[in-house]
Amino acid sequence: MSFLHPGLLLAGALAVSIPIIIHLLFRQRRKPIEWAAMRFLLEAYRKRRRRLKLEHWILLAVRCLVIACLALALGRPLLEGAGLLGGSGRDVYLIVDNGVASSLRATDGSTALDEHKQRARAILDALNPGDRAGLITRGAPADAGVRPASSDLGAIGRLIDELEPTDGATDLQGALGALAAHIESIEDDEDPRPTVATIVSDFRVGSADLTRPLAQSLRGLEDVRLLAVEPTELLAGNTQIVGIEPLRSVVLTGAGRAAEDVSVRVQLARTGSAVGEAGVTTVRLRAEEPGASGSAADDSRATVRWTPGQSEASVTMTVRLDRIGEEGAGASVLVGSIDRDALEADNTLRTPVRITDALEVGIVGTRRFTGGATLADRSAADWLRPALAPTETTPVRLTDLEPGALDEATLIGLDALFVPQPDLIPDEAWGVLRGFSDRGGLIVVTPPAETTVHLWTDAFTEAFDLAWSFPRESVDAPDDGVFTIDAETSGGGGLLTLLAEELEPLLRPVGVFRVLAPDLGAASGTARLLELSSGEPWLIASRPGSVGSATREETPGGLAVDNSPGRAGVVLYLASAPTLAWTDLPARPLMVPLTQELVRQGVGSSGSSLVMSAGKPASLSAGVASISRVDGEGAGRAIDVDDRGVSAQPVRSAGIFEALDRAGRARSVLAVNADTRSARTDLNAPEALRAWLNASFGSQDEERVAWLDSESPGETLSAGDRGSPFSLPLLIAALALALLETGLARWFAHAWREPRRTGAGVTA
């Protein structure tokens, strides 16, 4: 048995001796004085001596017990935890940080997670008999490994010892949310137990981003205490490789070519104490076939020299991509790496690149067997064909498709679709186009050139789940009908990156005479690639269903990368039909490079190659049945993918995966990287961190968070126990004994004897 206040218990135990000392002092013999009636008193005493001694011993014992119970009440024996005083103990949940930042190594070779596990075991050892423990790991997504709490503390300890760091973020919000959901699910008739949540982490910026407020997960849970290990004050530096950006994510080798040189921009970052130092970092870059390991001899190398205070840097490198597969199509993985440091998880980054001989592009429209007699008579499809395949050696193969004959079988094998006559698409065929997009296809839509009233826009926006509002009629250009195009917003998530330097002079001679521009409202997730001088969008890009989606992540150019199921494709919309009646773009030098870039970069952004951070389920295009790891220790391990395109399990470790269809054929390559944002090693201020944690209770005024003493976790756990500062059952027992002592003292002193009365009413 242990006591909350052992010092008070010791003082009380010493106080028990006071009645005994008084009793012994009063037993000291005095010199007897003889007097006349003494003989009768002594005779009476001798007759009742045994009874008097028994009464004295009873009173002495009761008085000692009164003081002993008071001492125990103040010392607070932790009997409630053992269930001996009507209580049922506590539920203590250990929330252990095993995110990517926990793999930070100290100079002795131990990791931050090793320290977390030692502290968690110390807390476990400090629990009282009758306490239960639960375990929640914070490596994203948070895993409620032991919930509800268990009384088998030994098993909890073994689970703690087996923890390994993940490559994902630290998900404290998910951990607290899981705990709150469990507490709220407890039935009212169950025996309530106080709950203590203990967060074990070093709380660096990577594992506690104070710029992202916690959800109020614990709001209204008054019986929950939150304890946290104080944030570390140990400085640590870290250098990261945060980006690999090939200028083209789809490499077209063309017929007869076996390799292609590709320029790649590699981005680096430094955090923590490394920012204030000068340094040199060697960057290595190589291309690997999925499942194969390249040699150091294949690496391209570059050197980055850091100046004090510099936190970001980039370097452009060239790597040679070899054609993969029997037919010259496949994927290569760009693997970038830097020198080893204290946190190795973010020293390697992977990006897949698709390699193919040519892109398969379909044009949906009515095919005319004779071209227009003049340039003005040419249809949109007539202008698109030479722009997509200007020469015989251009690595683009065209297929003409009838609008009324569209089905899934017709679209198999295509990479992109141009729809210059959307008014001819049957209503049921729009669902076929949406399925093509969900499987990773690029779709480019333009208004029909000869339509006056545009009713097709309703089916278009509904099928692709786009929050765009179209007018029913196109608008003529005012005055001379020539619009100038604003090139300032032409970033578009990288779709026009390679044209950025030449775009302005190429745009200058282009005129726009008629437009059907949608109203985008305040919706995000749509990239304005090109705008008219009036501010109307002219060329825009979006992902189906991404507008207003809570799961999207936007690129710097504004194109949403949607992580929700089945959102792989990209939809491009040009607000003018590519005919000379709407715009002179088809006759300008911009037409060919603009079309080529939209197709090549658009296909590359449409899900044929995927990159994600570890710590969440993979979101893939429709038709993928599983993903299988092809590198590292987990090679060959498969994860099922449901009909929505979401993996059944989160991907917690970095590596290369192949996305397979139901027939076992590789559909695409998935590169999973460590979450670099969560690997930052900067320090957090304790008071700011406390306020951040306290916000999870929904109150800024009431302080609900306490720091956990790593040296004496048991005292911190018990110091905040709610209730009386003494043990109420023992206090009641002391009061009862005090009343008993009063009664016994009066009884033994014959104070309650009724006097005998004579007939005249005089006491005898």
# chains A, B, ... in the order shown; residues from 1 in each chain; ligands from 1
call {"tool": "select_by_dssp", "arguments": {"residues": "range 286-506 of chain A", "states": "strand (DSSP E)", "output": "ChimeraX atom specification"}}
result
/A:286-288,300-306,312-322,330-337,348-356,359-364,396-401,416-419,442-445,475-476,485-486
call {"tool": "select_by_dssp", "arguments": {"residues": "range 87-313 of chain A", "states": "alpha helix (DSSP H)", "output": "PyMOL selection string"}}
result
chain A and resi 112-125+153-161+172-185
call {"tool": "residues_around", "arguments": {"residues": "Ala278 in chain A", "least_positions_apart": "4", "cutoff": "10 Å", "atoms": "only C-alpha atoms", "output": "PyMOL selection string"}}
result
chain A and resi 274+305-310
call {"tool": "write_last_selection", "arguments": {"atoms": "N, CA, C and O atoms", "output": "mmCIF file, in the first residue's frame"}}
result
data_model
loop_
_atom_site.group_PDB
_atom_site.id
_atom_site.type_symbol
_atom_site.label_atom_id
_atom_site.label_comp_id
_atom_site.auth_asym_id
_atom_site.auth_seq_id
_atom_site.Cartn_x
_atom_site.Cartn_y
_atom_site.Cartn_z
ATOM 1 N N ALA A 274 20.279 23.485 -37.304
ATOM 2 C CA ALA A 274 21.060 23.479 -38.548
ATOM 3 C C ALA A 274 20.929 24.785 -39.309
ATOM 4 O O ALA A 274 21.825 25.154 -40.072
ATOM 5 N N ARG A 305 25.686 24.355 -50.975
ATOM 6 C CA ARG A 305 26.444 25.008 -49.908
ATOM 7 C C ARG A 305 25.522 25.973 -49.165
ATOM 8 O O ARG A 305 24.960 26.883 -49.756
ATOM 9 N N TRP A 306 25.388 25.728 -47.882
ATOM 10 C CA TRP A 306 24.475 26.509 -47.042
ATOM 11 C C TRP A 306 25.216 27.657 -46.365
ATOM 12 O O TRP A 306 26.358 27.504 -45.939
ATOM 13 N N THR A 307 24.544 28.785 -46.276
ATOM 14 C CA THR A 307 25.072 29.905 -45.495
ATOM 15 C C THR A 307 24.288 30.001 -44.193
ATOM 16 O O THR A 307 23.127 29.569 -44.119
ATOM 17 N N PRO A 308 24.875 30.547 -43.129
ATOM 18 C CA PRO A 308 24.136 30.682 -41.862
ATOM 19 C C PRO A 308 22.834 31.459 -42.061
ATOM 20 O O PRO A 308 22.808 32.496 -42.718
ATOM 21 N N GLY A 309 21.749 30.914 -41.513
ATOM 22 C CA GLY A 309 20.442 31.533 -41.651
ATOM 23 C C GLY A 309 19.641 31.040 -42.836
ATOM 24 O O GLY A 309 18.447 31.334 -42.949
ATOM 25 N N GLN A 310 20.253 30.282 -43.750
ATOM 26 C CA GLN A 310 19.549 29.783 -44.931
ATOM 27 C C GLN A 310 18.790 28.511 -44.571
ATOM 28 O O GLN A 310 19.357 27.558 -44.041
#
call {"tool": "residues_around", "arguments": {"residues": "Val611 in chain A", "least_positions_apart": "2", "cutoff": "12 Å", "atoms": "only C-alpha atoms", "output": "compact mmCIF listing (two decimals) with C-alpha atoms, in the first residue's frame"}}
result
# COMPACT_ATOMS: atom_id res chain seq x y z
CA GLY A 243 10.76 17.90 -53.35
CA ILE A 244 11.71 16.25 -56.64
CA GLU A 245 10.10 17.98 -59.59
CA SER A 249 6.14 13.79 -65.24
CA VAL A 333 11.17 6.09 -60.07
CA LEU A 334 13.37 9.10 -59.38
CA LEU A 349 12.49 11.10 -51.50
CA ARG A 350 10.85 9.19 -54.34
CA THR A 351 8.85 10.40 -57.35
CA PRO A 352 7.55 8.13 -60.13
CA VAL A 353 7.80 9.22 -63.76
CA VAL A 561 -4.95 17.49 -55.47
CA ASN A 563 -7.30 12.80 -51.69
CA ALA A 568 -7.60 11.05 -60.05
CA GLY A 604 1.16 13.60 -65.96
CA SER A 605 -1.06 15.27 -63.35
CA SER A 606 -4.00 12.93 -63.93
CA GLY A 607 -3.03 10.03 -61.73
CA SER A 608 -0.87 7.87 -63.99
CA SER A 609 1.85 8.32 -61.36
CA SER A 613 3.05 11.16 -47.67
CA ALA A 614 3.00 8.22 -45.28
CA ALA A 618 -3.81 5.56 -50.31
CA SER A 619 -6.38 7.16 -52.62
CA LEU A 620 -6.16 5.67 -56.10
CA ALA A 654 7.85 5.09 -47.00
CA GLY A 655 8.50 3.00 -50.09
CA ILE A 656 7.49 2.17 -53.67
CA PHE A 657 4.21 0.40 -54.41
CA GLU A 658 2.63 -0.87 -57.61
CA SER A 668 0.53 2.75 -61.96
CA VAL A 669 3.32 3.33 -59.47
CA LEU A 670 2.73 4.83 -56.03
CA ALA A 671 5.61 6.56 -54.24
CA VAL A 672 5.16 6.96 -50.48
CA ASN A 673 7.52 9.38 -48.71
CA ALA A 674 8.12 10.40 -45.11
CA ASP A 675 6.05 13.39 -43.99
call {"tool": "closest_residue", "arguments": {"among": "A:Thr318, A:Ser710, A:Thr303, A:Ser696", "to": "Gly220 in chain A", "atoms": "only C-alpha atoms"}}
result
A:Ser696
call {"tool": "atom_distance", "arguments": {"atom1": "CA of Asp427 in chain A", "atom2": "CA of Pro403 in chain A"}}
result
10.6 Å
call {"tool": "closest_residue", "arguments": {"among": "A:Val205, A:Val315, A:Leu660, A:Leu496", "to": "Asn684 in chain A", "atoms": "only C-alpha atoms"}}
result
A:Val205
call {"tool": "closest_residue", "arguments": {"among": "A:Asn98, A:Thr356, A:Thr451, A:Thr198", "to": "Gly134 in chain A", "atoms": "only C-alpha atoms"}}
result
A:Thr198
call {"tool": "residues_around", "arguments": {"residues": "Trp707 in chain A", "least_positions_apart": "3", "cutoff": "7 Å", "atoms": "only C-alpha atoms", "output": "VMD selection string"}}
result
chain A and resid 227 to 230
call {"tool": "closest_residue", "arguments": {"among": "A:Leu455, A:Val200, A:Leu572, A:Leu495", "to": "Ala416 in chain A", "atoms": "only C-alpha atoms"}}
result
A:Leu572
call {"tool": "residues_around", "arguments": {"residues": "Leu689 in chain A", "least_positions_apart": "2", "cutoff": "12 Å", "atoms": "only C-alpha atoms", "output": "count of residues only"}}
result
32
call {"tool": "atom_distance", "arguments": {"atom1": "CA of Val262 in chain A", "atom2": "CA of Val592 in chain A"}}
result
21.5 Å
call {"tool": "residues_around", "arguments": {"residues": "Ala625 in chain A", "least_positions_apart": "6", "cutoff": "8 Å", "atoms": "only C-alpha atoms", "output": "ChimeraX atom specification"}}
result
/A:640-643,645,659-662
call {"tool": "closest_residue", "arguments": {"among": "A:Trp582, A:Ser542, A:Ser379, A:Ala463", "to": "Asp476 in chain A", "atoms": "only C-alpha atoms"}}
result
A:Trp582
call {"tool": "closest_residue", "arguments": {"among": "A:Leu94, A:Ile21, A:Ala517, A:Leu124", "to": "Cys64 in chain A", "atoms": "only C-alpha atoms"}}
result
A:Ile21
